[in-house]
$ cat work_38.txt   # compact mmCIF, C-alpha atoms
# COMPACT_ATOMS: atom_id res chain seq x y z
CA MET A 14 5.22 -2.08 -20.99
CA ILE A 15 7.39 0.76 -19.63
CA ARG A 16 6.91 -0.70 -16.16
CA TYR A 17 8.22 -4.07 -17.33
CA LEU A 18 11.24 -2.41 -18.94
CA LYS A 19 12.00 -0.67 -15.63
CA THR A 20 11.75 -4.02 -13.85
CA PHE A 21 14.12 -5.55 -16.43
CA VAL A 22 16.69 -2.77 -15.94
CA THR A 23 16.47 -2.99 -12.15
CA ALA A 24 16.86 -6.78 -12.19
CA ALA A 25 19.88 -6.39 -14.46
CA GLU A 26 21.43 -3.84 -12.09
CA THR A 27 20.88 -5.99 -8.99
CA ALA A 28 21.39 -9.44 -10.62
CA SER A 29 18.55 -10.65 -8.44
CA PHE A 30 14.77 -10.79 -8.83
CA SER A 31 14.30 -10.57 -5.04
CA ALA A 32 16.60 -7.53 -4.75
CA ALA A 33 14.84 -5.91 -7.69
CA GLY A 34 11.51 -6.55 -6.00
CA ALA A 35 12.73 -4.95 -2.77
CA ARG A 36 13.82 -1.85 -4.68
CA LEU A 37 10.57 -1.61 -6.66
CA GLY A 38 8.19 -2.61 -3.88
CA LEU A 39 7.21 -5.86 -5.61
CA THR A 40 7.30 -9.50 -4.61
CA GLN A 41 9.88 -11.75 -6.22
CA SER A 42 7.10 -13.62 -8.01
CA ALA A 43 5.74 -10.33 -9.42
CA VAL A 44 9.20 -9.45 -10.78
CA SER A 45 9.54 -12.91 -12.30
CA ALA A 46 6.10 -12.62 -13.90
CA GLN A 47 6.90 -9.21 -15.41
CA ILE A 48 10.20 -10.44 -16.80
CA GLN A 49 8.47 -13.50 -18.28
CA ARG A 50 5.82 -11.28 -19.88
CA LEU A 51 8.53 -9.05 -21.38
CA GLU A 52 10.46 -12.06 -22.67
CA ASP A 53 7.31 -13.45 -24.29
CA ASP A 54 6.56 -10.09 -25.89
CA LEU A 55 10.11 -9.63 -27.23
CA GLY A 56 10.54 -13.28 -28.18
CA VAL A 57 13.91 -13.62 -26.40
CA GLN A 58 15.28 -14.88 -23.09
CA LEU A 59 16.64 -11.92 -21.14
CA PHE A 60 18.11 -13.80 -18.15
CA GLU A 61 19.88 -17.07 -17.50
CA ARG A 62 18.31 -18.61 -14.41
CA THR A 63 20.30 -20.93 -12.14
CA GLY A 64 18.45 -21.66 -8.92
CA ARG A 65 17.89 -18.32 -7.22
CA ALA A 66 20.67 -16.59 -9.16
CA VAL A 67 20.03 -14.73 -12.41
CA SER A 68 22.39 -13.21 -14.95
CA LEU A 69 21.83 -11.42 -18.24
CA SER A 70 21.73 -13.59 -21.34
CA ASP A 71 23.45 -12.50 -24.55
CA ASP A 72 20.11 -11.07 -25.74
CA GLY A 73 19.60 -9.39 -22.38
CA ARG A 74 22.96 -7.63 -22.57
CA ARG A 75 22.22 -6.57 -26.11
CA LEU A 76 18.82 -5.11 -25.24
CA LEU A 77 19.68 -3.52 -21.89
CA SER A 78 20.96 -0.22 -23.29
CA GLN A 79 17.96 0.02 -25.60
CA ALA A 80 15.61 -0.51 -22.65
CA GLN A 81 17.38 2.24 -20.71
CA GLY A 82 17.03 4.54 -23.72
CA VAL A 83 13.30 3.85 -24.05
CA ILE A 84 12.76 4.60 -20.35
CA ALA A 85 14.74 7.84 -20.56
CA GLY A 86 12.81 8.89 -23.67
CA TYR A 87 9.47 8.15 -22.01
CA GLN A 88 10.34 10.18 -18.92
CA SER A 89 11.46 13.05 -21.14
CA MET A 90 8.14 12.91 -23.00
CA ARG A 91 6.21 13.08 -19.72
CA GLY A 92 8.24 16.09 -18.62
CA GLU A 93 7.61 17.92 -21.90
CA ALA A 94 3.90 17.12 -21.81
CA GLY A 95 3.64 18.65 -18.35
CA ALA A 96 5.03 21.94 -19.66
CA PHE A 97 1.85 22.72 -21.63
CA GLY A 98 -0.34 24.42 -19.03
CA GLY A 99 -3.78 24.20 -20.63
CA GLN A 100 -3.36 20.66 -21.90
CA ALA A 101 -1.81 19.47 -18.63
CA ALA A 102 -4.80 20.76 -16.68
CA LEU A 103 -7.05 18.40 -18.66
CA ALA A 104 -4.67 15.42 -18.63
CA PRO A 105 -5.76 12.35 -16.61
CA ILE A 106 -4.69 12.20 -12.97
CA ASN A 107 -3.11 8.92 -11.88
CA VAL A 108 -3.97 8.29 -8.23
CA GLY A 109 -2.57 5.39 -6.23
CA ALA A 110 -4.58 4.23 -3.23
CA ILE A 111 -4.45 1.40 -0.72
CA LEU A 112 -7.62 -0.68 -0.59
CA THR A 113 -8.98 0.69 2.69
CA VAL A 114 -8.68 4.21 1.29
CA GLN A 115 -10.48 3.15 -1.90
CA LEU A 116 -13.34 1.78 0.17
CA GLY A 117 -13.39 4.34 2.97
CA LEU A 118 -12.21 7.76 1.75
CA LEU A 119 -12.19 7.90 -2.04
CA PRO A 120 -15.95 7.69 -2.77
CA GLY A 121 -16.78 10.72 -0.62
CA ALA A 122 -13.69 12.67 -1.68
CA VAL A 123 -14.31 12.10 -5.39
CA GLN A 124 -17.94 13.10 -4.93
CA ARG A 125 -16.80 16.42 -3.41
CA TRP A 126 -14.25 16.84 -6.21
CA THR A 127 -16.64 16.24 -9.11
CA ALA A 128 -19.16 18.63 -7.53
CA LEU A 129 -16.64 21.44 -8.17
CA GLY A 130 -17.29 21.22 -11.92
CA ALA A 131 -15.61 19.75 -14.99
CA MET A 132 -12.58 17.74 -13.89
CA PRO A 133 -10.00 15.48 -15.62
CA HIS A 134 -10.37 11.73 -15.78
CA LEU A 135 -9.17 9.90 -12.65
CA ASN A 136 -7.20 6.66 -13.01
CA ILE A 137 -7.20 4.83 -9.66
CA VAL A 138 -4.27 2.42 -9.21
CA PRO A 139 -4.41 -0.09 -6.31
CA GLY A 140 -1.43 -1.30 -4.32
CA MET A 141 0.37 -1.48 -0.99
CA SER A 142 1.99 1.73 0.20
CA VAL A 143 5.51 0.48 -0.57
CA GLN A 144 4.46 -0.30 -4.14
CA LEU A 145 2.76 3.06 -4.59
CA LEU A 146 5.88 4.86 -3.40
CA ALA A 147 7.92 3.06 -6.06
CA GLN A 148 5.39 4.01 -8.74
CA LEU A 149 5.46 7.64 -7.63
CA ASP A 150 9.24 7.58 -7.83
CA ALA A 151 8.97 6.13 -11.34
CA ARG A 152 6.56 8.95 -12.29
CA GLU A 153 3.79 6.46 -13.01
CA LEU A 154 1.54 8.19 -10.45
CA ASP A 155 0.79 11.84 -9.73
CA LEU A 156 -0.17 11.23 -6.12
CA ALA A 157 -0.93 8.34 -3.77
CA VAL A 158 -3.18 8.04 -0.72
CA MET A 159 -1.20 5.74 1.51
CA ILE A 160 0.57 5.17 4.83
CA ARG A 161 3.41 7.61 5.53
CA PRO A 162 6.70 6.08 4.33
CA ARG A 163 9.06 4.84 7.03
CA ILE A 164 12.02 6.16 5.08
CA GLY A 165 10.71 9.72 5.10
CA VAL A 166 9.29 11.91 2.34
CA PRO A 167 11.42 12.23 -0.84
CA VAL A 168 12.60 15.78 -1.50
CA ASP A 169 10.71 16.02 -4.80
CA MET A 170 7.40 15.13 -3.16
CA LYS A 171 4.98 16.67 -0.66
CA TRP A 172 3.19 14.87 2.20
CA LEU A 173 -0.26 15.89 3.49
CA THR A 174 -1.49 14.07 6.61
CA LEU A 175 -5.17 13.09 6.42
CA MET A 176 -5.70 11.11 9.63
CA HIS A 177 -4.14 8.95 12.31
CA GLU A 178 -6.03 5.66 12.24
CA PRO A 179 -6.02 3.60 15.46
CA TYR A 180 -5.54 -0.16 15.56
CA VAL A 181 -7.71 -2.60 17.50
CA ALA A 182 -7.71 -6.34 18.13
CA ILE A 183 -10.50 -8.42 16.58
CA ALA A 184 -11.64 -12.02 16.98
CA PRO A 185 -14.66 -14.05 15.80
CA LYS A 186 -17.92 -12.89 17.36
CA GLY A 187 -18.53 -14.51 20.74
CA THR A 188 -14.84 -15.04 21.52
CA ARG A 189 -14.12 -14.42 25.20
CA GLY A 190 -10.93 -13.46 27.02
CA THR A 191 -8.20 -10.87 26.57
CA VAL A 192 -5.87 -10.18 23.68
CA ALA A 193 -3.23 -12.28 25.44
CA ASP A 194 -5.74 -15.14 25.64
CA TRP A 195 -6.49 -14.84 21.93
CA SER A 196 -2.81 -14.98 21.03
CA THR A 197 -2.40 -18.38 22.72
CA THR A 198 -5.67 -19.99 21.65
CA LEU A 199 -6.39 -18.71 18.11
CA PRO A 200 -4.42 -18.59 14.85
CA PHE A 201 -3.20 -15.09 13.94
CA VAL A 202 -4.50 -13.58 10.70
CA ARG A 203 -1.56 -11.31 10.01
CA TYR A 204 -1.40 -7.93 8.30
CA ASN A 205 1.45 -8.42 5.78
CA ARG A 206 4.78 -7.68 7.47
CA ARG A 207 6.24 -6.26 4.25
CA SER A 208 3.65 -3.48 4.24
CA TYR A 209 4.06 -0.29 6.28
CA GLY A 210 0.87 -0.99 8.24
CA GLY A 211 1.77 -4.62 8.90
CA ASP A 212 5.23 -3.65 10.13
CA LEU A 213 3.56 -1.55 12.85
CA VAL A 214 1.65 -4.65 14.00
CA GLU A 215 4.83 -6.72 14.08
CA ARG A 216 6.57 -4.07 16.18
CA TYR A 217 3.62 -3.99 18.59
CA LEU A 218 3.68 -7.78 19.03
CA ARG A 219 7.40 -7.73 19.78
CA ARG A 220 7.13 -4.78 22.15
CA HIS A 221 4.40 -6.50 24.17
CA ARG A 222 5.97 -9.96 23.84
CA LEU A 223 2.88 -11.48 22.28
CA TRP A 224 3.83 -14.76 20.60
CA VAL A 225 1.23 -15.70 18.01
CA ARG A 226 0.20 -18.87 16.21
CA GLU A 227 0.80 -17.99 12.57
CA GLY A 228 -2.16 -18.45 10.26
CA VAL A 229 -2.96 -16.51 7.10
CA GLU A 230 -0.98 -13.40 6.03
CA LEU A 231 -2.78 -10.77 3.93
CA ASP A 232 -2.19 -7.31 2.50
CA GLU A 233 -5.53 -5.63 3.24
CA PRO A 234 -7.38 -4.94 6.54
CA GLU A 235 -10.80 -5.23 4.88
CA VAL A 236 -9.98 -8.79 3.74
CA ILE A 237 -8.50 -9.60 7.18
CA LEU A 238 -11.79 -8.48 8.78
CA ARG A 239 -13.68 -10.90 6.55
CA MET A 240 -11.29 -13.74 7.39
CA VAL A 241 -11.74 -13.13 11.13
CA ARG A 242 -15.50 -12.86 10.70
CA ALA A 243 -15.37 -16.27 9.01
CA GLY A 244 -13.75 -17.74 12.13
CA LEU A 245 -10.21 -18.19 10.81
CA GLY A 246 -8.48 -16.54 13.78
CA TRP A 247 -7.81 -13.18 15.42
CA SER A 248 -5.94 -10.12 14.21
CA ILE A 249 -4.78 -6.56 14.86
CA VAL A 250 -5.99 -4.08 12.24
CA PRO A 251 -6.52 -0.34 11.68
CA ALA A 252 -10.14 0.30 12.54
CA THR A 253 -11.67 3.51 11.21
CA LEU A 254 -11.88 2.91 7.47
CA ILE A 255 -13.25 -0.64 7.78
CA GLY A 256 -15.99 0.41 10.18
CA LEU A 257 -14.75 -0.96 13.49
CA PRO A 258 -15.64 0.88 16.74
CA VAL A 259 -12.86 2.99 18.25
CA ASP A 260 -14.88 5.33 20.47
CA ALA A 261 -14.55 5.80 24.22
CA ASP A 262 -17.43 3.40 24.88
CA MET A 263 -15.40 0.56 23.41
CA THR A 264 -12.41 1.27 25.62
CA ARG A 265 -14.64 0.95 28.70
CA THR A 266 -15.90 -2.47 27.63
CA SER A 267 -14.82 -5.28 29.93
CA PRO A 268 -11.82 -7.11 28.43
CA LYS A 269 -13.55 -10.35 29.33
CA GLN A 270 -16.44 -9.54 27.00
CA GLY A 271 -15.18 -7.38 24.14
CA LYS A 272 -17.57 -5.56 21.83
CA SER A 273 -19.01 -6.68 18.53
CA GLY A 274 -20.12 -3.23 17.40
CA GLY A 275 -22.50 -4.78 14.86
CA VAL A 276 -19.61 -5.81 12.58
CA GLY A 277 -19.70 -9.54 13.26
CA VAL A 278 -16.48 -9.66 15.31
CA GLN A 279 -15.37 -9.07 18.87
CA VAL A 280 -13.31 -5.88 19.25
CA LEU A 281 -10.83 -5.05 22.01
CA PRO A 282 -8.59 -2.00 22.48
CA LEU A 283 -4.85 -2.55 22.53
CA SER A 284 -2.92 -2.04 25.74
CA GLY A 285 -0.06 0.42 26.10
CA ALA A 286 0.63 3.50 24.00
CA PRO A 287 -1.93 4.01 21.20
CA LEU A 288 -1.02 2.18 18.01
CA THR A 289 -1.91 4.23 14.93
CA ARG A 290 -0.94 4.50 11.29
CA GLU A 291 -0.58 7.89 9.62
CA LEU A 292 -2.60 8.08 6.42
CA GLY A 293 -2.05 10.88 3.96
CA VAL A 294 -1.41 11.99 0.41
CA LEU A 295 2.05 11.82 -1.12
CA ALA A 296 2.21 13.92 -4.28
CA ARG A 297 4.94 14.77 -6.75
CA GLN A 298 5.81 18.48 -6.65
CA SER A 299 5.35 18.71 -10.42
CA ALA A 300 1.79 17.38 -10.13
CA LEU A 301 0.93 20.07 -7.57
CA LYS A 302 1.28 22.69 -10.32
CA ARG A 303 -2.08 21.45 -11.61
CA ALA A 304 -5.15 23.03 -10.02
CA PRO A 305 -7.30 19.82 -10.25
CA VAL A 306 -4.65 17.89 -8.27
CA ASN A 307 -4.67 20.49 -5.48
CA ALA A 308 -8.47 20.45 -5.48
CA LEU A 309 -8.49 16.66 -5.12
CA MET A 310 -6.07 16.82 -2.19
CA LYS A 311 -8.32 19.40 -0.50
CA CYS A 312 -11.37 17.16 -1.00
CA LEU A 313 -9.50 14.18 0.47
CA SER A 314 -8.59 16.29 3.50
CA GLU A 315 -12.19 17.42 3.96
CA GLU A 316 -13.49 13.85 3.68
CA ALA A 317 -10.98 12.61 6.25
CA ALA A 318 -11.88 15.47 8.64
CA SER A 319 -15.58 14.58 8.34
CA ARG A 320 -14.78 11.19 9.87
CA GLY A 321 -13.53 12.80 13.06
$ encode --input "work_38.txt" --output "C-alpha cells"
Amino acid sequence: MIRYLKTFVTAAETASFSAAGARLGLTQSAVSAQIQRLEDDLGVQLFERTGRAVSLSDDGRRLLSQAQGVIAGYQSMRGEAGAFGGQAALAPINVGAILTVQLGLLPGAVQRWTALGAMPHLNIVPGMSVQLLAQLDARELDLAVMIRPRIGVPVDMKWLTLMHEPYVAIAPKGTRGTVADWSTTLPFVRYNRRSYGGDLVERYLRRHRLWVREGVELDEPEVILRMVRAGLGWSIVPATLIGLPVDADMTRTSPKQGKSGGVGVQVLPLSGAPLTRELGVLARQSALKRAPVNALMKCLSEEAASRG
C-alpha cells in the first residue's frame, strides 16, 4: 500500500494522473487504477475528476499530509533496519528485472549465486526499465537488471554493465526481401516507444527514414518474437537473450533470403552503425554494503560473460 500512497502524493503534487505516471514510470491507466484501489481501501474519494483534469477532494486534502507522514516513516524504518549488519545480511533482496533478463540471464546467475551457500530470499519484481528506475528511487528495490537509463546514473546508485545486446530485424518465416521491403509491405510490431529499448528502435527508424505501417505495440521482445512468429508483422528487437542469431554467418546471409536460425522467423542484420542496448545492474549504494548483493552482481556478470 506504500506504493499507492506514493502514487497519491505524486498525483496531488502534479494535479495530473498522466504527469504522475511520467514521473513514476507508470501508464496513466496504472496510476488511475492505484488511486481507485486506495480510494476503495480508505472508503473516500481522494480526487475530483473532470475530464482529464484532477484536483484533490476535501478528503484528499485532509489525508495528504498523513500520507506524506506514513511514507516518511516507512523510509525511516527501512534506513534503520539496514543499520543492523547481521540482520541486514539475511534480509530479502528485492531485484527488479526486465522480462528478457528474467528469461535469459537470471536462471543461470541465480544458480551460480545459490551454489555459493546459504543466501537470503530473492524477490524478483518485473517491469520496464523506466518503472524499475522509479522503484529503485523509491527504495522499493535493492537493485535492478535493466537497460542503462537515458538520463544517466543517479548519484546514490552504481551501474555495472553486463552486455551490449545487438538488435536485428525479424519477419515471419519465409518472408523475402530487405528490411526496407518489409517496412512497406508488413505491419510493424513495435517495441514500446515509452521504454528505453523501444526508444532506440524509434530513433533508428527515424535516422534511416523507414516509415512503418503501425500494428501492435508491446513492452517485451520475447512477446514480440512470438507475435512475429504468428505472422502478425515484422519488428526490430534485441537478439541475444531471446535466442536470435547475431553471429558473423548471419551478417553474410543474402538480404534477399534472410536467415531463420531455427527460431521460426526470418532474421536480417540492420544497416548502418550497430544498434545495441546496454544491459546492466543498477544498484543502490546502501544495498552494496551487503555481501550477498555484491555476490549476486558478480554472478550476473559471470553469466552475461558466458554468453559471449
$ residues_around --input "work_38.txt" --residues "Ser29 in chain A" --least-positions-apart "3" --cutoff "10 Å" --atoms "all atoms listed in the file" --output "MDAnalysis selection string"
chainID A and resid 23:26 32:35 41 44 62 65:68
$ atom_distance --input "work_38.txt" --atom1 "CA of Val250 in chain A" --atom2 "CA of Ser31 in chain A"
27.4 Å
$ atom_distance --input "work_38.txt" --atom1 "CA of Leu55 in chain A" --atom2 "CA of Arg36 in chain A"
24.1 Å
$ closest_residue --input "work_38.txt" --among "A:Val278, A:Met132, A:Leu199, A:Leu223" --to "Leu238 in chain A" --atoms "only C-alpha atoms"
A:Val278
$ closest_residue --input "work_38.txt" --among "A:Ala80, A:Val192, A:Ala131, A:Val181" --to "Gly256 in chain A" --atoms "all atoms listed in the file"
A:Val181
$ closest_residue --input "work_38.txt" --among "A:Gly228, A:Ile160, A:Gln79, A:Val168" --to "Gly211 in chain A" --atoms "all atoms listed in the file"
A:Ile160
$ closest_residue --input "work_38.txt" --among "A:Arg161, A:Arg320, A:Lys311, A:Arg239" --to "Tyr209 in chain A" --atoms "only C-alpha atoms"
A:Arg161
$ residues_around --input "work_38.txt" --residues "Asn107 in chain A" --least-positions-apart "2" --cutoff "7 Å" --atoms "all atoms listed in the file" --output "PDB file with C-alpha atoms, in the coordinates of the input"
ATOM      1  CA  PRO A 105      -5.760  12.350 -16.610  1.00  0.00           C
ATOM      2  CA  GLY A 109      -2.570   5.390  -6.230  1.00  0.00           C
ATOM      3  CA  LEU A 135      -9.170   9.900 -12.650  1.00  0.00           C
ATOM      4  CA  ASN A 136      -7.200   6.660 -13.010  1.00  0.00           C
ATOM      5  CA  ILE A 137      -7.200   4.830  -9.660  1.00  0.00           C
ATOM      6  CA  LEU A 154       1.540   8.190 -10.450  1.00  0.00           C
ATOM      7  CA  ASP A 155       0.790  11.840  -9.730  1.00  0.00           C
ATOM      8  CA  LEU A 156      -0.170  11.230  -6.120  1.00  0.00           C
TER       9      LEU A 156
END
$ residues_around --input "work_38.txt" --residues "range 115-129 of chain A" --least-positions-apart "5" --cutoff "9 Å" --atoms "all atoms listed in the file" --output "ChimeraX atom specification"
/A:110,137,139,158,235,253-256,305,308-317
